[in-house]
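Enquirer: Structure file target03.pdb, PDB, C-alpha atoms, is pasted below:
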```pdb
ATOM      1  CA  MET A   1       0.000   0.000   0.000
ATOM      2  CA  GLU A   2       2.815   2.399   0.844
ATOM      3  CA  LEU A   3       4.638   1.669  -2.406
ATOM      4  CA  ILE A   4       1.438   2.171  -4.432
ATOM      5  CA  ALA A   5       0.831   5.488  -2.694
ATOM      6  CA  PHE A   6       4.393   6.579  -3.483
ATOM      7  CA  TYR A   7       3.972   5.859  -7.190
ATOM      8  CA  LEU A   8       0.566   7.601  -7.169
ATOM      9  CA  PHE A   9       1.904  10.786  -5.543
ATOM     10  CA  ALA A  10       5.017  10.782  -7.741
ATOM     11  CA  ALA A  11       2.947  10.397 -10.925
ATOM     12  CA  MET A  12       0.656  13.255  -9.899
ATOM     13  CA  ALA A  13       3.628  15.474  -9.049
ATOM     14  CA  VAL A  14       5.350  14.853 -12.387
ATOM     15  CA  THR A  15       2.145  15.239 -14.412
ATOM     16  CA  SER A  16       1.133  18.480 -12.699
ATOM     17  CA  ALA A  17       4.687  19.832 -13.039
ATOM     18  CA  LEU A  18       4.528  19.217 -16.789
ATOM     19  CA  GLY A  19       1.175  21.003 -16.848
ATOM     20  CA  VAL A  20       2.771  24.078 -15.258
ATOM     21  CA  ILE A  21       5.191  24.522 -18.165
ATOM     22  CA  LEU A  22       2.969  23.251 -20.989
ATOM     23  CA  LEU A  23      -0.364  24.965 -20.292
ATOM     24  CA  LYS A  24      -0.797  28.411 -21.823
ATOM     25  CA  ASN A  25      -3.548  29.537 -19.490
ATOM     26  CA  PRO A  26      -1.910  31.055 -16.370
ATOM     27  CA  VAL A  27      -4.860  30.117 -14.147
ATOM     28  CA  HIS A  28      -4.579  26.454 -15.127
ATOM     29  CA  ALA A  29      -0.801  26.613 -14.664
ATOM     30  CA  VAL A  30      -1.242  27.999 -11.144
ATOM     31  CA  LEU A  31      -3.686  25.219 -10.252
ATOM     32  CA  CYS A  32      -1.215  22.630 -11.553
ATOM     33  CA  LEU A  33       1.544  24.226  -9.484
ATOM     34  CA  VAL A  34      -0.604  23.977  -6.354
ATOM     35  CA  LEU A  35      -1.188  20.289  -7.104
ATOM     36  CA  THR A  36       2.564  19.807  -7.611
ATOM     37  CA  PHE A  37       3.374  21.320  -4.226
ATOM     38  CA  PHE A  38       0.663  19.290  -2.514
ATOM     39  CA  SER A  39       1.811  16.026  -4.131
ATOM     40  CA  THR A  40       5.388  16.701  -3.066
ATOM     41  CA  ALA A  41       4.184  17.417   0.475
ATOM     42  CA  CYS A  42       2.406  14.056   0.464
ATOM     43  CA  LEU A  43       5.674  12.395  -0.549
ATOM     44  CA  PHE A  44       7.426  14.077   2.384
ATOM     45  CA  LEU A  45       4.713  12.890   4.766
ATOM     46  CA  LEU A  46       5.003   9.399   3.321
ATOM     47  CA  LEU A  47       8.734   9.452   4.114
ATOM     48  CA  GLN A  48       7.957  10.493   7.720
ATOM     49  CA  ALA A  49       9.245  14.044   7.152
ATOM     50  CA  GLU A  50       6.225  15.777   8.643
ATOM     51  CA  PHE A  51       7.889  19.143   9.150
ATOM     52  CA  LEU A  52       8.996  19.424   5.521
ATOM     53  CA  GLY A  53       5.553  18.442   4.258
ATOM     54  CA  VAL A  54       3.704  20.953   6.422
ATOM     55  CA  ALA A  55       6.257  23.695   5.670
ATOM     56  CA  LEU A  56       5.887  23.052   1.939
ATOM     57  CA  VAL A  57       2.128  23.547   2.105
ATOM     58  CA  LEU A  58       2.234  26.578   4.407
ATOM     59  CA  VAL A  59       5.187  28.405   2.840
ATOM     60  CA  TYR A  60       4.933  27.608  -0.856
ATOM     61  CA  VAL A  61       1.194  27.173  -1.343
ATOM     62  CA  GLY A  62       0.306  29.913   1.134
ATOM     63  CA  ALA A  63       3.031  32.510   0.436
ATOM     64  CA  VAL A  64       5.047  31.814  -2.693
ATOM     65  CA  MET A  65       1.938  31.220  -4.805
ATOM     66  CA  VAL A  66       0.635  34.636  -3.747
ATOM     67  CA  LEU A  67       3.947  36.166  -4.856
ATOM     68  CA  PHE A  68       3.699  34.396  -8.219
ATOM     69  CA  LEU A  69       0.182  35.703  -8.763
ATOM     70  CA  PHE A  70       1.295  39.204  -7.764
ATOM     71  CA  VAL A  71       4.106  39.177 -10.333
ATOM     72  CA  VAL A  72       1.847  37.776 -13.070
ATOM     73  CA  MET A  73      -0.797  40.422 -12.430
ATOM     74  CA  MET A  74       1.782  43.227 -12.439
ATOM     75  CA  LEU A  75       3.192  42.246 -15.837
ATOM     76  CA  ASP A  76       1.828  43.635 -19.092
ATOM     77  CA  ILE A  77      -0.459  40.679 -19.702
ATOM     78  CA  ASN A  78      -3.959  41.182 -20.983
ATOM     79  CA  THR A  79      -5.838  39.441 -18.205
ATOM     80  CA  VAL A  80      -9.216  40.950 -19.002
ATOM     81  CA  PRO A  81     -10.343  37.921 -21.048
ATOM     82  CA  LEU A  82      -9.097  35.674 -18.238
ATOM     83  CA  ARG A  83     -11.140  37.468 -15.597
ATOM     84  CA  GLU A  84     -14.283  37.310 -17.709
ATOM     85  CA  GLY A  85     -16.362  34.246 -17.010
ATOM     86  CA  PHE A  86     -14.554  33.118 -13.857
ATOM     87  CA  ALA A  87     -17.054  30.290 -13.430
ATOM     88  CA  ARG A  88     -15.561  28.428 -16.376
ATOM     89  CA  TYR A  89     -12.468  27.712 -14.259
ATOM     90  CA  LEU A  90     -14.524  25.926 -11.628
ATOM     91  CA  PRO A  91     -14.259  22.489 -13.356
ATOM     92  CA  ALA A  92     -10.455  22.701 -13.388
ATOM     93  CA  ALA A  93     -10.419  23.794  -9.749
ATOM     94  CA  ALA A  94     -12.832  20.979  -8.869
ATOM     95  CA  VAL A  95     -10.568  18.408 -10.554
ATOM     96  CA  VAL A  96      -7.509  19.663  -8.669
ATOM     97  CA  SER A  97      -9.441  19.723  -5.379
ATOM     98  CA  GLY A  98     -10.714  16.198  -6.024
ATOM     99  CA  LEU A  99      -7.205  14.895  -6.676
ATOM    100  CA  MET A 100      -5.949  16.547  -3.496
ATOM    101  CA  PHE A 101      -8.822  14.967  -1.556
ATOM    102  CA  VAL A 102      -7.956  11.550  -2.975
ATOM    103  CA  GLN A 103      -4.343  12.046  -1.978
ATOM    104  CA  MET A 104      -5.355  12.911   1.572
ATOM    105  CA  LEU A 105      -7.513   9.774   1.806
ATOM    106  CA  VAL A 106      -4.697   7.578   0.507
ATOM    107  CA  LEU A 107      -2.237   9.228   2.865
ATOM    108  CA  LEU A 108      -4.532   8.688   5.841
ATOM    109  CA  GLY A 109      -4.975   5.047   4.853
ATOM    110  CA  VAL A 110      -1.225   4.522   4.647
ATOM    111  CA  THR A 111      -0.359   6.285   7.907
ATOM    112  CA  THR A 112      -3.102   4.584   9.942
ATOM    113  CA  GLY A 113      -2.374   1.138   8.535
ATOM    114  CA  LYS A 114       0.409  -1.197   9.539
ATOM    115  CA  ARG A 115       3.754  -0.410   7.971
ATOM    116  CA  ASP A 116       5.188  -3.417   6.212
ATOM    117  CA  VAL A 117       7.904  -1.533   4.336
ATOM    118  CA  ALA A 118      11.144  -1.044   6.218
ATOM    119  CA  PHE A 119      13.161   2.026   5.373
ATOM    120  CA  PRO A 120      16.715   1.207   4.299
ATOM    121  CA  VAL A 121      18.061   4.265   6.151
ATOM    122  CA  ALA A 122      17.462   4.772   9.847
ATOM    123  CA  ASP A 123      15.850   7.953  11.079
ATOM    124  CA  PRO A 124      18.760  10.347  11.864
ATOM    125  CA  ALA A 125      16.669  12.322  14.348
ATOM    126  CA  ALA A 126      15.829   9.183  16.316
ATOM    127  CA  ALA A 127      19.469   8.069  16.167
ATOM    128  CA  ALA A 128      20.581  11.450  17.548
ATOM    129  CA  GLY A 129      17.957  11.326  20.297
ATOM    130  CA  THR A 130      16.335  14.638  19.273
ATOM    131  CA  SER A 131      13.144  15.725  17.577
ATOM    132  CA  LYS A 132      12.982  16.040  13.812
ATOM    133  CA  LEU A 133      12.559  19.793  13.964
ATOM    134  CA  GLU A 134      15.627  20.202  16.158
ATOM    135  CA  TRP A 135      17.678  17.884  13.935
ATOM    136  CA  ILE A 136      16.668  19.813  10.776
ATOM    137  CA  GLY A 137      17.547  23.130  12.438
ATOM    138  CA  ARG A 138      20.976  21.948  13.510
ATOM    139  CA  ALA A 139      21.743  20.411  10.114
ATOM    140  CA  LEU A 140      20.486  23.479   8.262
ATOM    141  CA  PHE A 141      22.411  26.088  10.251
ATOM    142  CA  SER A 142      25.601  24.076  10.663
ATOM    143  CA  GLY A 143      26.353  21.841   7.693
ATOM    144  CA  TYR A 144      24.238  23.682   5.099
ATOM    145  CA  LEU A 145      24.591  27.286   6.232
ATOM    146  CA  LEU A 146      26.111  28.562   2.958
ATOM    147  CA  PRO A 147      23.388  27.083   0.667
ATOM    148  CA  PHE A 148      20.770  28.441   3.085
ATOM    149  CA  GLU A 149      22.218  31.956   2.860
ATOM    150  CA  ILE A 150      22.462  31.725  -0.945
ATOM    151  CA  ALA A 151      18.794  30.712  -1.152
ATOM    152  CA  ALA A 152      17.855  33.630   1.114
ATOM    153  CA  VAL A 153      19.764  36.072  -1.118
ATOM    154  CA  LEU A 154      18.090  34.677  -4.252
ATOM    155  CA  LEU A 155      14.627  35.051  -2.713
ATOM    156  CA  THR A 156      15.444  38.620  -1.663
ATOM    157  CA  VAL A 157      16.595  39.479  -5.186
ATOM    158  CA  ALA A 158      13.405  37.947  -6.595
ATOM    159  CA  ILE A 159      11.247  40.090  -4.302
ATOM    160  CA  LEU A 160      13.178  43.243  -5.221
ATOM    161  CA  ALA A 161      12.852  42.414  -8.920
ATOM    162  CA  ALA A 162       9.092  41.988  -8.517
ATOM    163  CA  VAL A 163       8.850  45.375  -6.817
ATOM    164  CA  MET A 164      10.958  47.028  -9.541
ATOM    165  CA  LEU A 165       8.658  45.560 -12.209
ATOM    166  CA  THR A 166       5.702  47.261 -10.576
ATOM    167  CA  LEU A 167       7.493  50.624 -10.224
ATOM    168  CA  ARG A 168       8.784  50.955 -13.776
ATOM    169  CA  ARG A 169       7.559  53.889 -15.833
ATOM    170  CA  ARG A 170       4.842  53.210 -18.340
ATOM    171  CA  PRO A 171       3.595  55.618 -20.991
ATOM    172  CA  GLY A 172       0.284  57.159 -20.081
ATOM    173  CA  ALA A 173       0.424  56.106 -16.425
ATOM    174  CA  ARG A 174       0.248  58.674 -13.645
ATOM    175  CA  HIS A 175       2.773  58.526 -10.821
ATOM    176  CA  GLN A 176       3.200  60.498  -7.635
ATOM    177  CA  ASP A 177       6.438  62.258  -6.750
ATOM    178  CA  PRO A 178       6.684  62.522  -2.940
ATOM    179  CA  ALA A 179       9.628  64.960  -3.166
ATOM    180  CA  LYS A 180       7.650  67.442  -5.266
ATOM    181  CA  GLN A 181       4.605  67.037  -3.042
ATOM    182  CA  SER A 182       6.645  67.866   0.063
ATOM    183  CA  ALA A 183       8.248  70.911  -1.574
ATOM    184  CA  VAL A 184       4.936  72.540  -2.532
ATOM    185  CA  ARG A 185       4.244  75.948  -0.962
ATOM    186  CA  LYS A 186       0.883  77.513  -0.439
ATOM    187  CA  GLU A 187       1.994  80.575  -2.440
ATOM    188  CA  ASP A 188       2.370  78.348  -5.491
ATOM    189  CA  ARG A 189      -1.091  76.837  -5.178
ATOM    190  CA  VAL A 190      -3.298  79.447  -3.472
ATOM    191  CA  ARG A 191      -3.759  83.016  -4.724
ATOM    192  CA  VAL A 192      -5.833  85.615  -2.897
ATOM    193  CA  LEU A 193      -7.717  88.034  -5.151
ATOM    194  CA  LYS A 194      -9.093  91.387  -3.978
ATOM    195  CA  MET A 195     -12.261  92.433  -5.748
ATOM    196  CA  ALA A 196     -14.310  95.563  -5.294
ATOM    197  CA  PRO A 197     -17.685  94.986  -3.693
ATOM    198  CA  GLU A 198     -20.640  95.028  -6.005
ATOM    199  CA  VAL A 199     -23.705  96.964  -4.825
ATOM    200  CA  ARG A 200     -27.003  95.595  -5.977
ATOM    201  CA  ARG A 201     -30.077  97.772  -5.853
ATOM    202  CA  GLU A 202     -33.405  96.324  -4.991
ATOM    203  CA  GLU A 203     -36.233  96.443  -7.499
ATOM    204  CA  GLY A 204     -38.351  99.636  -7.208
ATOM    205  CA  ALA A 205     -35.652 101.508  -5.301
ATOM    206  CA  GLU A 206     -34.503 104.876  -6.625
TER
END
```
Please render this file's structure as structure tokens.
Expert:
Amino acid sequence: MELIAFYLFAAMAVTSALGVILLKNPVHAVLCLVLTFFSTACLFLLLQAEFLGVALVLVYVGAVMVLFLFVVMMLDINTVPLREGFARYLPAAAVVSGLMFVQMLVLLGVTTGKRDVAFPVADPAAAAGTSKLEWIGRALFSGYLLPFEIAAVLLTVAILAAVMLTLRRRPGARHQDPAKQSAVRKEDRVRVLKMAPEVRREEGAE
């Protein structure tokens, strides 16, 4: 059962990953990317790496996907036809949700059942006598500190690039200049005019 579940999750992950790069519709590509992340998280849970699986769902599906959508929406892509008729994307979303539900059922069946498959490699956290979270933290910030810092720098550069894409000048777009707004004086904007009073006579008065 565990081996069948592994092949099922791996096949879904590979198929949805191919859909991300082959589909032309960005909404469908995003749904396939969500399914890819979820299938990979199921593989981590199947390998008894609960922290990595939960972190993959929370960080990538919950945060990175929002960043991807932000960048896509800020680019010069005509998304008006995509926003029209949003209900037509419900079947694709229902298929992805159904596959994720099936994966959760299979994963629950595997984890609650008796494990007949013995892992060839012993659990390093259990061998060290610590929790998995503590073992991952020590390994990450001791043996893999340089790759961790490089990944952090790459993510920072990606965020800055996304912000720069949104701030670039476009013809016909209006932008605010905070420096000019702060340097404005009231003499440049407000002018007091002195006008002679106008006397109106009432009707019938001499």
Enquirer: Could you produce a table of the residues of region 19-80 of chain A lying within 12 Å of region 135-144 of chain A, with the nearest pair of atoms per residue and their separation in Å rounded to one decimal, using all atoms listed in the file, ordered by chain and increasing residue number, as JSON lines?
Expert:
```
{"residue": "A:Ala49", "atom": "CA", "partner": "A:Ile136", "partner_atom": "CA", "distance": 10.1}
{"residue": "A:Glu50", "atom": "CA", "partner": "A:Ile136", "partner_atom": "CA", "distance": 11.4}
{"residue": "A:Phe51", "atom": "CA", "partner": "A:Ile136", "partner_atom": "CA", "distance": 9.0}
{"residue": "A:Leu52", "atom": "CA", "partner": "A:Ile136", "partner_atom": "CA", "distance": 9.3}
```
Enquirer: If we count only C-alpha atoms, what is near region 1-9 of chain A at a cut-off of 7 Å, once residues fewer than 5 positions away on the same chain are taken out, given as a ChimeraX atom specification?
Expert: /A:39,42-43,106,110
Enquirer: Quick one: of A:Val199, A:Thr36, A:Lys180, A:Leu193, who's nearest to Leu99 (chain A), counting all atoms listed in the file?
Expert: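 Among the listed residues, the smallest separation from Leu99 (chain A) belongs to A:Thr36.
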Enquirer: Closest to Leu67 (chain A) among A:Ile21, A:Leu155, A:Ser16, A:Ser97, using only C-alpha atoms?
Expert: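 Using only C-alpha atoms, Leu67 (chain A) sits closest to A:Leu155.
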Enquirer: First collect every listed atom of region 97-107 of chain A; then fit an axis-aligned box around them, widen it by 8 Å on each side, and give centre and edge lengths in Å to one decimal, as JSON.
Expert:
```
{"center_x": -6.5, "center_y": 13.7, "center_z": -1.9, "size_x": 24.5, "size_y": 28.1, "size_z": 25.5}
```
Enquirer: Within 9 Å of Phe38 (chain A), counting all atoms listed in the file, which residues show up once you throw out same-chain ones fewer than 2 positions away? Write them as number ranges by chain, please.
Expert: A: 13, 33-36, 40-43, 53, 56-57, 61, 100, 103
Enquirer: Next, write the just-selected residues to a file, as an mmCIF file, keeping the file's coordinate frame, keeping C-alpha atoms as the atom set.
Expert:
```cif
data_model
loop_
_atom_site.group_PDB
_atom_site.id
_atom_site.type_symbol
_atom_site.label_atom_id
_atom_site.label_comp_id
_atom_site.auth_asym_id
_atom_site.auth_seq_id
_atom_site.Cartn_x
_atom_site.Cartn_y
_atom_site.Cartn_z
ATOM 1 C CA ALA A 13 3.628 15.474 -9.049
ATOM 2 C CA LEU A 33 1.544 24.226 -9.484
ATOM 3 C CA VAL A 34 -0.604 23.977 -6.354
ATOM 4 C CA LEU A 35 -1.188 20.289 -7.104
ATOM 5 C CA THR A 36 2.564 19.807 -7.611
ATOM 6 C CA THR A 40 5.388 16.701 -3.066
ATOM 7 C CA ALA A 41 4.184 17.417 0.475
ATOM 8 C CA CYS A 42 2.406 14.056 0.464
ATOM 9 C CA LEU A 43 5.674 12.395 -0.549
ATOM 10 C CA GLY A 53 5.553 18.442 4.258
ATOM 11 C CA LEU A 56 5.887 23.052 1.939
ATOM 12 C CA VAL A 57 2.128 23.547 2.105
ATOM 13 C CA VAL A 61 1.194 27.173 -1.343
ATOM 14 C CA MET A 100 -5.949 16.547 -3.496
ATOM 15 C CA GLN A 103 -4.343 12.046 -1.978
#
```
Enquirer: If I take CA of Ala162 (chain A) and CA of Phe68 (chain A), how far is one from the other in Å, to one decimal?
Expert: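 So the answer is 9.3 Å.
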Enquirer: When you draw a straight line from CA of Gly98 (chain A) to CA of Leu31 (chain A), how long is it in Å?
Expert: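 A separation of 12.2 Å between them.
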Enquirer: Between CA of Cys32 (chain A) and CA of Tyr60 (chain A), what is the spacing in Å?
Expert: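 So the two atoms, CA of Tyr60 (chain A) and CA of Cys32 (chain A), lie 13.3 Å apart.
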